[in-house]
Each structure stands twice: as C-alpha cells, then as structure tokens.
>>> print(open('start23.cif').read())   # mmCIF, C-alpha atoms
data_protein
#
loop_
_atom_site.label_atom_id
_atom_site.label_comp_id
_atom_site.auth_asym_id
_atom_site.auth_seq_id
_atom_site.Cartn_x
_atom_site.Cartn_y
_atom_site.Cartn_z
CA MET N 1 18.58 -10.48 32.99
CA THR N 2 20.61 -7.87 34.79
CA ARG N 3 24.16 -7.20 33.98
CA GLU N 4 25.32 -6.62 37.53
CA GLN N 5 25.82 -9.98 39.09
CA PRO N 6 27.22 -9.60 42.60
CA ASN N 7 30.76 -10.77 42.76
CA ARG N 8 30.56 -14.02 44.67
CA SER N 9 33.87 -13.67 46.42
CA THR N 10 33.52 -10.09 47.61
CA GLY N 11 29.76 -9.62 47.52
CA VAL N 12 29.89 -6.23 45.77
CA LEU N 13 28.22 -5.24 42.52
CA PRO N 14 30.49 -4.50 39.55
CA PRO N 15 30.30 -0.86 38.43
CA LEU N 16 27.52 -0.19 35.97
CA SER N 17 28.88 -0.09 32.45
CA PRO N 18 28.60 3.46 31.12
CA ASP N 19 28.24 2.23 27.59
CA PHE N 20 25.44 -0.28 27.47
CA LEU N 21 25.26 -0.38 23.66
CA THR N 22 28.97 -1.11 23.18
CA ASP N 23 28.68 -3.90 25.74
CA LEU N 24 25.67 -5.25 23.96
CA PHE N 25 27.53 -5.42 20.66
CA ARG N 26 30.67 -6.88 22.16
CA ASP N 27 29.17 -9.58 24.29
CA PRO N 28 25.55 -10.33 23.58
CA LEU N 29 25.39 -13.52 25.67
CA ASP N 30 23.00 -13.35 28.53
CA PRO N 31 25.42 -13.08 31.50
CA GLY N 32 23.06 -15.30 33.45
CA TYR N 33 24.54 -18.41 31.86
CA ALA N 34 28.05 -17.62 33.04
CA ALA N 35 26.73 -16.65 36.48
CA ALA N 36 24.76 -19.88 36.77
CA ALA N 37 27.80 -21.89 35.75
CA ALA N 38 29.89 -20.08 38.35
CA VAL N 39 27.32 -20.74 41.07
CA ARG N 40 27.09 -24.40 40.13
CA GLY N 41 30.84 -24.70 40.18
CA GLY N 42 31.72 -28.36 40.12
CA ARG N 43 29.01 -29.45 42.51
CA PRO N 44 26.74 -32.21 41.27
CA VAL N 45 23.07 -31.35 40.86
CA PRO N 46 20.50 -33.88 42.14
CA ARG N 47 19.35 -36.12 39.32
CA TRP N 48 15.59 -35.43 39.72
CA ARG N 49 16.18 -31.73 39.45
CA ARG N 50 18.37 -32.12 36.36
CA VAL N 51 15.75 -34.21 34.61
CA GLY N 52 12.95 -31.85 35.58
CA ALA N 53 14.84 -28.83 34.27
CA ARG N 54 15.64 -30.67 31.03
CA LEU N 55 11.97 -31.48 30.51
CA LEU N 56 11.11 -27.83 31.08
CA THR N 57 13.68 -26.85 28.43
CA LEU N 58 12.19 -29.27 25.93
CA ALA N 59 8.71 -28.00 26.71
CA SER N 60 9.88 -24.41 26.16
CA LEU N 61 11.43 -25.39 22.85
CA MET N 62 8.18 -27.02 21.77
CA LEU N 63 6.34 -23.86 22.75
CA ILE N 64 8.78 -21.78 20.69
CA GLY N 65 8.25 -24.08 17.73
CA MET N 66 4.52 -23.67 18.09
CA MET N 67 4.89 -19.90 18.27
CA LEU N 68 6.88 -19.93 15.03
CA ALA N 69 4.25 -22.04 13.32
CA VAL N 70 1.34 -20.01 14.68
CA SER N 71 2.82 -16.66 13.70
CA TYR N 72 3.59 -18.04 10.24
CA LEU N 73 0.00 -19.24 9.90
CA GLN N 74 -1.22 -15.87 11.12
CA VAL N 75 0.69 -14.04 8.40
CA VAL N 76 -0.63 -16.45 5.77
CA ARG N 77 -4.15 -16.04 7.13
CA ASP N 78 -3.97 -12.25 7.06
CA ALA N 79 -3.02 -12.11 3.39
CA PRO N 80 -6.45 -13.10 1.96
CA ALA N 81 -8.15 -10.81 4.48
CA ARG N 82 -6.23 -7.92 2.98
CA THR N 83 -7.18 -8.78 -0.59
CA GLN N 84 -10.76 -9.28 0.57
CA LEU N 85 -10.77 -5.78 2.02
CA ARG N 86 -9.37 -4.47 -1.24
CA ASP N 87 -12.09 -6.23 -3.23
CA GLU N 88 -14.73 -4.82 -0.93
CA LEU N 89 -13.42 -1.29 -1.42
CA ALA N 90 -13.24 -1.81 -5.18
CA GLY N 91 -16.85 -3.02 -5.10
CA GLN N 92 -17.92 0.06 -3.17
CA ILE N 93 -16.17 2.30 -5.67
CA GLU N 94 -17.94 0.57 -8.55
CA GLN N 95 -21.27 0.88 -6.80
CA ARG N 96 -20.78 4.60 -6.17
CA GLU N 97 -19.70 5.09 -9.76
CA GLY N 98 -22.94 3.46 -10.84
CA THR N 99 -24.88 5.87 -8.61
CA VAL N 100 -22.99 8.80 -10.10
CA ARG N 101 -23.78 7.58 -13.61
CA ALA N 102 -27.46 7.26 -12.76
CA LEU N 103 -27.50 10.77 -11.29
CA GLU N 104 -25.73 12.10 -14.36
CA GLY N 105 -28.40 10.54 -16.53
CA ARG N 106 -31.10 12.16 -14.46
CA LEU N 107 -29.28 15.48 -14.64
CA GLU N 108 -29.29 15.21 -18.41
CA ASP N 109 -33.05 14.50 -18.45
CA LEU N 110 -33.78 17.43 -16.15
CA ARG N 111 -31.62 19.68 -18.25
CA ASP N 112 -33.55 18.68 -21.37
CA GLU N 113 -36.74 19.47 -19.55
CA VAL N 114 -35.43 22.89 -18.50
CA ALA N 115 -34.44 23.57 -22.10
CA ARG N 116 -37.91 22.55 -23.32
CA VAL N 117 -39.66 24.77 -20.82
CA ARG N 118 -37.36 27.66 -21.61
CA GLU N 119 -37.93 27.21 -25.32
CA ARG N 120 -41.65 27.52 -24.68
CA GLU N 121 -41.40 30.56 -22.42
CA LEU N 122 -38.73 32.64 -24.11
CA ALA N 123 -38.90 34.54 -27.35
CA ALA N 124 -37.37 32.65 -30.27
CA PRO N 125 -34.27 34.81 -30.84
CA GLU N 126 -33.44 34.81 -27.11
CA ALA N 127 -33.83 31.06 -26.90
CA ARG N 128 -31.63 30.48 -29.92
CA ARG N 129 -28.94 32.74 -28.51
CA LEU N 130 -29.02 30.83 -25.22
CA ARG N 131 -28.84 27.53 -27.08
CA ASP N 132 -25.82 28.63 -29.08
CA LEU N 133 -24.07 29.93 -26.01
CA GLU N 134 -24.71 26.71 -24.12
CA ALA N 135 -23.39 24.63 -26.98
CA ALA N 136 -20.27 26.77 -27.13
CA VAL N 137 -19.48 26.53 -23.42
CA GLY N 138 -20.30 22.85 -23.25
CA LEU N 139 -23.50 22.96 -21.24
CA ALA N 140 -25.63 21.41 -23.96
CA ARG N 141 -25.45 18.23 -26.00
CA VAL N 142 -24.24 18.90 -29.53
CA ASP N 143 -24.48 16.87 -32.74
CA GLY N 144 -22.60 17.30 -35.95
CA PRO N 145 -19.81 16.12 -38.21
CA GLY N 146 -16.40 15.79 -36.67
CA VAL N 147 -13.26 13.81 -36.02
CA VAL N 148 -12.51 10.86 -33.77
CA VAL N 149 -8.94 10.31 -32.59
CA GLU N 150 -8.40 6.98 -30.89
CA VAL N 151 -5.18 6.33 -28.99
CA ALA N 152 -4.30 3.34 -26.84
CA ASP N 153 -1.35 2.23 -24.73
CA GLY N 154 1.50 0.41 -26.39
CA PRO N 155 2.49 -3.14 -25.39
CA GLN N 156 3.89 -3.23 -21.88
CA GLN N 157 7.66 -3.11 -21.68
CA LEU N 158 9.73 -3.73 -18.59
CA ASP N 159 12.48 -1.42 -17.54
CA PRO N 160 15.70 -3.47 -17.91
CA ALA N 161 17.17 -1.82 -14.82
CA THR N 162 14.33 -1.98 -12.32
CA GLY N 163 12.00 -4.62 -13.79
CA GLU N 164 9.09 -2.20 -13.40
CA PRO N 165 6.73 -1.58 -16.32
CA LEU N 166 7.86 1.39 -18.39
CA VAL N 167 5.45 4.31 -18.06
CA GLU N 168 6.55 5.64 -21.44
CA THR N 169 4.53 3.02 -23.31
CA ARG N 170 1.35 4.33 -21.72
CA ILE N 171 -0.66 7.30 -22.91
CA GLN N 172 -0.04 10.22 -20.58
CA ASP N 173 -2.24 13.12 -19.62
CA TYR N 174 -0.15 15.54 -21.71
CA ASP N 175 -0.62 13.40 -24.84
CA LEU N 176 -4.38 13.76 -24.52
CA ARG N 177 -4.06 17.41 -23.59
CA LEU N 178 -2.03 18.04 -26.74
CA VAL N 179 -4.69 16.36 -28.91
CA ALA N 180 -7.52 18.27 -27.25
CA ASN N 181 -5.74 21.62 -27.46
CA THR N 182 -4.87 20.99 -31.10
CA MET N 183 -8.56 20.37 -31.79
CA TRP N 184 -9.49 23.69 -30.20
CA SER N 185 -6.77 25.52 -32.11
CA LEU N 186 -8.02 24.03 -35.40
CA GLY N 187 -11.45 25.51 -34.82
CA ALA N 188 -13.33 22.69 -33.11
CA GLU N 189 -16.57 23.81 -31.47
CA ALA N 190 -16.86 20.97 -28.98
CA VAL N 191 -14.33 18.44 -27.72
CA ALA N 192 -14.77 15.41 -25.48
CA VAL N 193 -12.42 12.76 -24.13
CA ASN N 194 -14.03 9.36 -23.58
CA ASP N 195 -17.44 11.10 -23.64
CA ARG N 196 -16.35 13.61 -21.01
CA ARG N 197 -17.09 16.99 -22.52
CA LEU N 198 -14.39 19.60 -22.17
CA THR N 199 -15.27 23.14 -21.16
CA SER N 200 -13.18 26.22 -20.54
CA THR N 201 -12.54 25.03 -16.97
CA SER N 202 -11.86 21.39 -17.78
CA THR N 203 -8.70 19.65 -16.73
CA ILE N 204 -6.81 16.66 -18.11
CA ARG N 205 -4.42 15.61 -15.45
CA ASN N 206 -2.36 12.74 -14.16
CA ALA N 207 -2.75 11.18 -10.72
CA SER N 208 -0.26 8.40 -9.99
CA GLY N 209 -0.47 6.88 -13.42
CA ALA N 210 -4.19 7.34 -14.02
CA VAL N 211 -5.47 9.98 -16.40
CA LEU N 212 -8.19 12.19 -14.95
CA VAL N 213 -10.52 14.17 -17.16
CA ASN N 214 -12.53 16.67 -15.16
CA ARG N 215 -11.29 14.86 -12.08
CA VAL N 216 -12.84 11.58 -13.20
CA PRO N 217 -10.46 8.75 -14.05
CA VAL N 218 -10.62 7.48 -17.63
CA GLY N 219 -8.84 4.47 -19.06
CA PRO N 220 -7.50 3.29 -22.38
CA PRO N 221 -8.41 3.18 -25.20
CA TYR N 222 -8.83 6.95 -25.18
CA ARG N 223 -11.24 8.47 -27.64
CA VAL N 224 -10.99 12.18 -28.33
CA THR N 225 -14.05 13.38 -30.26
CA ALA N 226 -14.31 16.83 -31.74
CA ILE N 227 -17.05 18.57 -33.69
CA GLY N 228 -15.78 21.21 -36.04
CA PRO N 229 -15.19 22.29 -39.61
CA ASP N 230 -15.30 19.72 -42.41
CA ASP N 231 -11.55 19.70 -42.96
CA LEU N 232 -10.77 19.13 -39.27
CA ALA N 233 -9.38 15.64 -39.92
CA GLU N 234 -7.00 16.76 -42.67
CA LYS N 235 -5.85 19.71 -40.61
CA PHE N 236 -5.31 17.49 -37.59
CA LEU N 237 -3.28 14.98 -39.61
CA ALA N 238 -1.04 17.84 -40.74
CA SER N 239 -0.59 19.18 -37.22
CA ARG N 240 2.28 18.84 -34.81
CA ALA N 241 0.14 16.68 -32.54
CA ALA N 242 -0.28 14.09 -35.30
CA ARG N 243 3.47 14.00 -35.89
CA TYR N 244 3.98 13.60 -32.15
CA LEU N 245 1.55 10.67 -31.97
CA GLU N 246 3.26 9.19 -35.03
CA ALA N 247 6.59 9.37 -33.25
CA LEU N 248 5.09 7.79 -30.12
CA SER N 249 3.63 4.91 -32.09
CA GLY N 250 6.96 4.34 -33.84
CA ARG N 251 8.95 4.42 -30.64
CA TYR N 252 6.67 2.89 -28.00
CA GLY N 253 4.08 1.06 -30.08
CA ILE N 254 1.07 3.07 -28.94
CA SER N 255 -1.82 2.68 -31.38
CA TYR N 256 -3.32 5.76 -32.94
CA GLN N 257 -6.09 6.32 -35.43
CA VAL N 258 -7.82 9.40 -36.87
CA ARG N 259 -11.09 9.26 -38.78
CA SER N 260 -13.83 11.62 -39.89
CA GLU N 261 -17.41 10.98 -38.86
CA ASP N 262 -20.50 12.53 -40.35
CA HIS N 263 -22.55 12.29 -37.25
CA LEU N 264 -21.15 12.65 -33.76
CA THR N 265 -22.98 13.36 -30.53
CA LEU N 266 -21.09 14.95 -27.66
CA PRO N 267 -22.75 14.95 -24.24
CA ALA N 268 -23.11 18.04 -22.11
CA ALA N 269 -20.46 18.69 -19.49
CA VAL N 270 -21.56 17.38 -16.14
CA SER N 271 -20.17 20.00 -13.83
CA ALA N 272 -21.78 23.34 -14.45
CA ASP N 273 -21.42 25.21 -11.21
CA LEU N 274 -22.75 28.71 -11.29
CA ARG N 275 -19.76 30.86 -10.36
CA HIS N 276 -20.61 34.29 -11.58
CA ALA N 277 -23.92 36.10 -11.95
CA THR N 278 -25.15 39.66 -12.23
CA PRO N 279 -28.69 40.79 -11.49
CA ALA N 280 -30.81 41.55 -14.53
CA ASP N 281 -31.04 45.26 -15.36
CA SER N 282 -34.78 45.34 -15.72
CA PRO N 283 -37.60 43.05 -14.76
CA THR N 284 -37.83 40.35 -17.40
CA SER N 285 -40.97 39.48 -19.30
CA GLY N 286 -41.63 36.44 -17.09
CA GLY N 287 -41.71 38.60 -13.99
CA ASP N 288 -42.20 35.73 -11.53
CA HIS N 289 -38.72 35.55 -10.03
CA MET H 290 22.02 -36.29 22.75
CA ILE H 291 20.33 -33.29 24.34
CA ALA H 292 20.98 -31.31 21.15
CA ILE H 293 19.10 -33.84 19.04
CA LEU H 294 16.28 -33.92 21.57
CA ALA H 295 16.12 -30.12 21.52
CA VAL H 296 15.91 -29.98 17.72
CA LEU H 297 13.25 -32.69 17.78
CA ALA H 298 11.27 -30.76 20.39
CA LEU H 299 11.45 -27.59 18.29
CA LEU H 300 10.36 -29.39 15.12
CA GLY H 301 7.65 -31.18 17.10
CA GLY H 302 6.38 -27.80 18.25
CA VAL H 303 6.27 -26.52 14.68
CA VAL H 304 4.37 -29.59 13.50
CA LEU H 305 2.01 -29.38 16.47
CA GLY H 306 1.31 -25.72 15.75
CA LEU H 307 0.65 -26.43 12.07
CA VAL H 308 -1.65 -29.35 12.91
CA ILE H 309 -3.61 -27.73 15.74
CA ASN H 310 -3.66 -24.37 13.94
CA PRO H 311 -4.97 -22.47 16.97
CA THR H 312 -6.75 -19.17 16.54
CA VAL H 313 -4.84 -16.40 18.24
CA PRO H 314 -7.12 -14.15 20.28
CA LEU H 315 -7.32 -10.66 18.85
CA TRP H 316 -5.84 -8.94 21.89
CA LEU H 317 -2.77 -11.18 21.71
CA LEU H 318 -2.12 -10.58 18.03
CA PRO H 319 0.12 -7.46 18.30
CA TYR H 320 2.44 -9.26 20.72
CA LEU H 321 2.95 -12.41 18.69
CA PRO H 322 5.68 -11.20 16.28
CA ILE H 323 7.65 -9.54 19.10
CA ALA H 324 7.28 -12.65 21.26
CA VAL H 325 8.62 -14.78 18.42
CA VAL H 326 11.69 -12.56 18.05
CA ALA H 327 12.24 -12.67 21.82
CA ALA H 328 11.93 -16.46 21.78
CA LEU H 329 14.44 -16.68 18.93
CA ASP H 330 16.84 -14.61 21.01
CA ALA H 331 16.49 -17.09 23.88
CA VAL H 332 17.07 -20.00 21.49
CA PHE H 333 20.25 -18.57 20.00
CA GLY H 334 21.50 -17.58 23.44
CA GLY H 335 20.91 -21.17 24.56
CA ILE H 336 22.72 -22.64 21.57
CA ARG H 337 25.71 -20.42 22.20
CA ALA H 338 25.77 -21.30 25.89
CA LYS H 339 25.60 -24.96 24.96
CA LEU H 340 28.60 -24.56 22.66
CA ASP H 341 30.43 -22.62 25.37
CA GLY H 342 29.74 -25.57 27.67
CA ILE H 343 27.78 -23.52 30.20
CA PHE H 344 24.23 -24.30 29.15
CA ASP H 345 21.83 -24.30 32.04
CA ASP H 346 18.26 -25.53 31.76
CA LYS H 347 16.83 -23.25 34.41
CA GLN H 348 18.57 -20.25 32.91
CA PHE H 349 17.20 -21.07 29.47
CA VAL H 350 13.61 -21.47 30.62
CA VAL H 351 13.73 -18.32 32.73
CA SER H 352 15.34 -16.27 29.97
CA PHE H 353 12.77 -17.49 27.44
CA ILE H 354 9.79 -16.64 29.62
CA SER H 355 11.13 -13.33 30.82
CA ASN H 356 12.23 -12.31 27.30
CA VAL H 357 8.75 -12.91 25.94
CA LEU H 358 7.03 -11.22 28.87
CA VAL H 359 9.30 -8.17 28.89
CA ALA H 360 9.03 -7.75 25.12
CA ALA H 361 5.24 -7.99 25.32
CA LEU H 362 5.19 -5.60 28.27
CA ILE H 363 7.27 -3.03 26.39
CA VAL H 364 4.96 -3.23 23.38
CA TYR H 365 1.92 -2.97 25.64
CA LEU H 366 3.36 0.07 27.42
CA GLY H 367 4.25 1.61 24.08
CA ASP H 368 0.70 1.07 22.86
CA GLN H 369 -0.68 2.79 25.95
CA LEU H 370 1.74 5.70 25.51
CA GLY H 371 1.04 6.04 21.80
CA VAL H 372 4.55 5.04 20.71
CA GLY H 373 3.81 1.34 20.20
CA SER H 374 5.38 0.94 16.77
CA GLN H 375 8.53 2.88 17.72
CA LEU H 376 9.05 0.83 20.87
CA SER H 377 8.44 -2.35 18.88
CA ILE H 378 11.21 -1.28 16.52
CA GLY H 379 13.45 -0.65 19.52
CA VAL H 380 12.76 -4.13 20.91
CA VAL H 381 13.37 -5.74 17.54
CA VAL H 382 16.64 -3.84 17.07
CA VAL H 383 18.02 -4.79 20.49
CA LEU H 384 16.99 -8.42 20.16
CA GLY H 385 18.26 -8.45 16.58
CA VAL H 386 21.67 -7.21 17.70
CA ARG H 387 21.80 -9.94 20.33
CA ILE H 388 20.77 -12.61 17.87
CA PHE H 389 23.46 -11.43 15.44
CA GLY H 390 26.11 -11.46 18.14
CA ASN H 391 25.14 -14.91 19.35
CA VAL H 392 25.02 -16.29 15.81
CA ALA H 393 28.49 -14.83 15.22
CA ALA H 394 29.74 -16.62 18.35
CA ILE H 395 28.10 -19.87 17.21
CA ARG H 396 29.75 -19.47 13.82
CA ARG H 397 33.15 -19.01 15.49
CA HIS H 398 32.61 -22.28 17.31
CA PHE H 399 31.95 -24.18 14.14
CA PHE H 400 34.34 -22.58 11.68
CA ARG H 401 36.94 -21.05 13.96
CA ALA H 402 36.55 -17.82 11.99
#
>>> encode(input="start23.cif", output="structure tokens")
Amino acid sequence: MTREQPNRSTGVLPPLSPDFLTDLFRDPLDPGYAAAAAVRGGRPVPRWRRVGARLLTLASLMLIGMMLAVSYLQVVRDAPARTQLRDELAGQIEQREGTVRALEGRLEDLRDEVARVRERELAAPEARRLRDLEAAVGLARVDGPGVVVEVADGPQQLDPATGEPLVETRIQDYDLRLVANTMWSLGAEAVAVNDRRLTSTSTIRNASGAVLVNRVPVGPPYRVTAIGPDDLAEKFLASRAARYLEALSGRYGISYQVRSEDHLTLPAAVSADLRHATPADSPTSGGDH
Amino acid sequence: MIAILAVLALLGGVVLGLVINPTVPLWLLPYLPIAVVAALDAVFGGIRAKLDGIFDDKQFVVSFISNVLVAALIVYLGDQLGVGSQLSIGVVVVLGVRIFGNVAAIRRHFFRA
C-alpha cells in the first residue's frame, strides 16, 4: 500500500512525493502490482502456489459479491424501518392531540362551573359586565347570528419547471388572516377559524406549508366563522377580501363560499394566560381571598 | 479464462448473499458501506492490472483485505474522535478518485480513447 517501493537495483527509497493528491489523480493504480510484477520478473512461479493464489482471488471476489448483496439488502431492509418509525411518531402525535382535546373539553366544563358559581356569588350587574367582557375578549362561548366563510385548496398543480406541487393553489396563512381581519373591521364581535377562537393575542401563521392558528395546525377546508351584525355577509361580499378570494378562485381554483347563519356557536379561546393583574382597591364583598 | 471465472465468482457471491441473506451485526453496520467502496476499489484496481498484464493474485487479495480493514479502521477511529462522518467522506472521496482513475484507464484499454 505504500508508495515508496525500494528500488531493487540500488536498494534506496524513492523520494517521497510532495504532492500526494496530484499523484493520486495522475496514477491511481496501486503501485504494488507493478512492484510485484518487477519482483516476479520472468521467473516461473510454482504451479501449486499459482493455483492457491488464484483460488484465494476467486474467494475474495465471492466475498465482495456477497458484501454488495448484503449491503443492498441492508439498505432495502432499513427503508421500512424508517417508515415504521415515522408511523409510530405520527401515532404518538395523534394520541397526544387526543389528550389535548380531552383536556380542552374538561377546561370548558370547569370554566362553565366557574361561571355558574360566579353568577351565584356576584351581584347581577357585576356578573353581566364580566360576562360581556369575557365574550368580547374571547374567554367565553358565544352564540348568535353570523357568517360562515368556507375556503379550500384548489386542485393540485405541478410546477412545470421543478415538478413540485405549486404552493399557490393552497390557502395560505395570509388569506385566512385577511378574512379574519376583514370580519373584525366589519364589526364582528367574535371570530373563529376552524373552531379556534381568535382573541386579541391570536396568531394565524405559516410553518413550512401548514397553517397554524394559535400555534395549533389546522387543515383544509378552512371555516372562518364570525358573529356580528345582521348585514355582515353583505358587507363581507362587498369587501376587498371577497374580491381577493374571487380572484384566487378564478386563478388557482380554490373554492370559496360565504353564507349567513342564524345560529352560530363559537367556542371560548383555549389559551387564557393571566398576564396582567392589579390588586383590588378595597376588600370585595366576598372577603375570603 | 480467469476473467470469466472471476465474473462468475463475483456473481456467485451476489447470488449467495441474496439467498443466505445474513443479518449484519449491529456493531458492523457502520462499516459496511465503506467496506463495500473499499472492495470496489480493489476490484477496479485488479481489472486494470489485468488489462495492463501485471495482475497478481497475492497482490489483489492483500489489497482487498487491507483496503477493507484500513477503511474500517479509519471510520472506527473517526467515530472515537467524534469526526466519524467527516472521515467517512474523506475515505469515500479518496477511494472514489482511485476508482475513477482506474475506470478511466480501463476505458482507455477498451476504446483507445
């Protein structure tokens, strides 16, 4: 394997090449072959040794063939293991999502209970004020007449240049954001996307192709529900957002539908972290906290 | 004659491997791809030597075994030093350059170009 074969006639090593890489590119043959040929010269090799060496060569070649086959099989064998791992992870995600949903349901129940208890304990005007405030900021379930805007991805198109699916045919986060913001600007009191209630701190964002509402991924078809004044639907249809969706459906084939509903129920927002509080000025009537 | 025998031996090895389908022990798994590349290098070196008329059985067997062992050793050392993947790339590049050079020489033998 070494490059410096002693010169047979003089017995000295050739100088070490200063440029190993250039040598490697110029003459990649293992110099051992040439050296062995030089050593052999013209002398005959005993027959038994020749045959033995030949058998060894054939055995090595068989071994190499086996290695090729085994490494091929290994790659093939690893492929399902990878998809299996993926499926396992997907299963875990689904399971956790189920847990989250169950906890959200329980949260809703507990919140109802808190509201009931509060209703009983507080004076009527106070309780009503609290209720109204909660409805306005999205911390309570609200019912009422409103509008439903349903949008869904257009048929998948492939980019002629890259062969990848075109992202333009899919509903993006800013499309939904435009619809939601238009609802607010037209006087909606409560807005939700796919039953995720929007509050003043809600986000509709994009994370590598998936739309996240309040940091939870939602998928098509998207359903923006809004509770507001009676003419919300007409106003929305006359808005810039409606014209934009119209243009999208003409150009990319996304489907889009607006309808009024007499009775809509929007759930309470899930995340209601207490971020800001001031101590009460005077002891309240309850007096036990 | 020897060339045909060699091809038959290689194909026989492939068939044998597919039929036996041995399970590779886990600790050997990282070395398998590198060993295969090293073995390919020995094969192409052998073919070129054959065409040059200086093929030598002992040289072939020794170069095959030492190629595989050295490649595995480098990967092992790299793993211990925490640069396993980089050293693997180095081994693959060097062996790849040799394979390319040898294939070019083989091509010159056949096509005179």
>>> atom_distance(input="start23.cif", atom1="atom CA of N:Asn214", atom2="atom CA of N:Ser202")
5.4 Å
>>> interface_residues(input="start23.cif", of="chain N", to="chain H", cutoff="10 Å", atoms="all atoms listed in the file", output="PyMOL selection string")
chain N and resi 1+21+24-38+40+49-75
>>> resolve_selection(input="start23.cif", expression="the PyMOL selection byres ((chain H and resi 380) around 10)", output="list in words")
Ile323, Val326, Ala327, Val359, Ala360, Ala361, Ile363, Val364, Ser374, Gln375, Leu376, Ser377, Ile378, Gly379, Val381, Val382, Val383, Leu384, Gly385 and Val386 of chain H
>>> residues_near_point(input="start23.cif", point="(-24.3, 15.0, -13.9)", cutoff="9 Å", atoms="only C-alpha atoms", output="JSON, numbers by chain")
{"N": [100, 101, 102, 103, 104, 105, 106, 107, 108, 268, 269, 270, 271, 272]}
>>> atom_distance(input="start23.cif", atom1="atom CA of N:Pro165", atom2="atom CA of N:Asp195")
28.3 Å
>>> atom_distance(input="start23.cif", atom1="atom CA of N:Pro267", atom2="atom CA of N:Ala115")
14.7 Å
>>> resolve_selection(input="start23.cif", expression="the PyMOL selection byres ((chain N and resi 147) around 6)", output="MDAnalysis selection string")
chainID N and resid 146 148 225:226 233 259:261
>>> residues_around(input="start23.cif", residues="N:Gly209", least_positions_apart="3", cutoff="8 Å", atoms="only C-alpha atoms", output="MDAnalysis selection string")
chainID N and resid 167 172 206
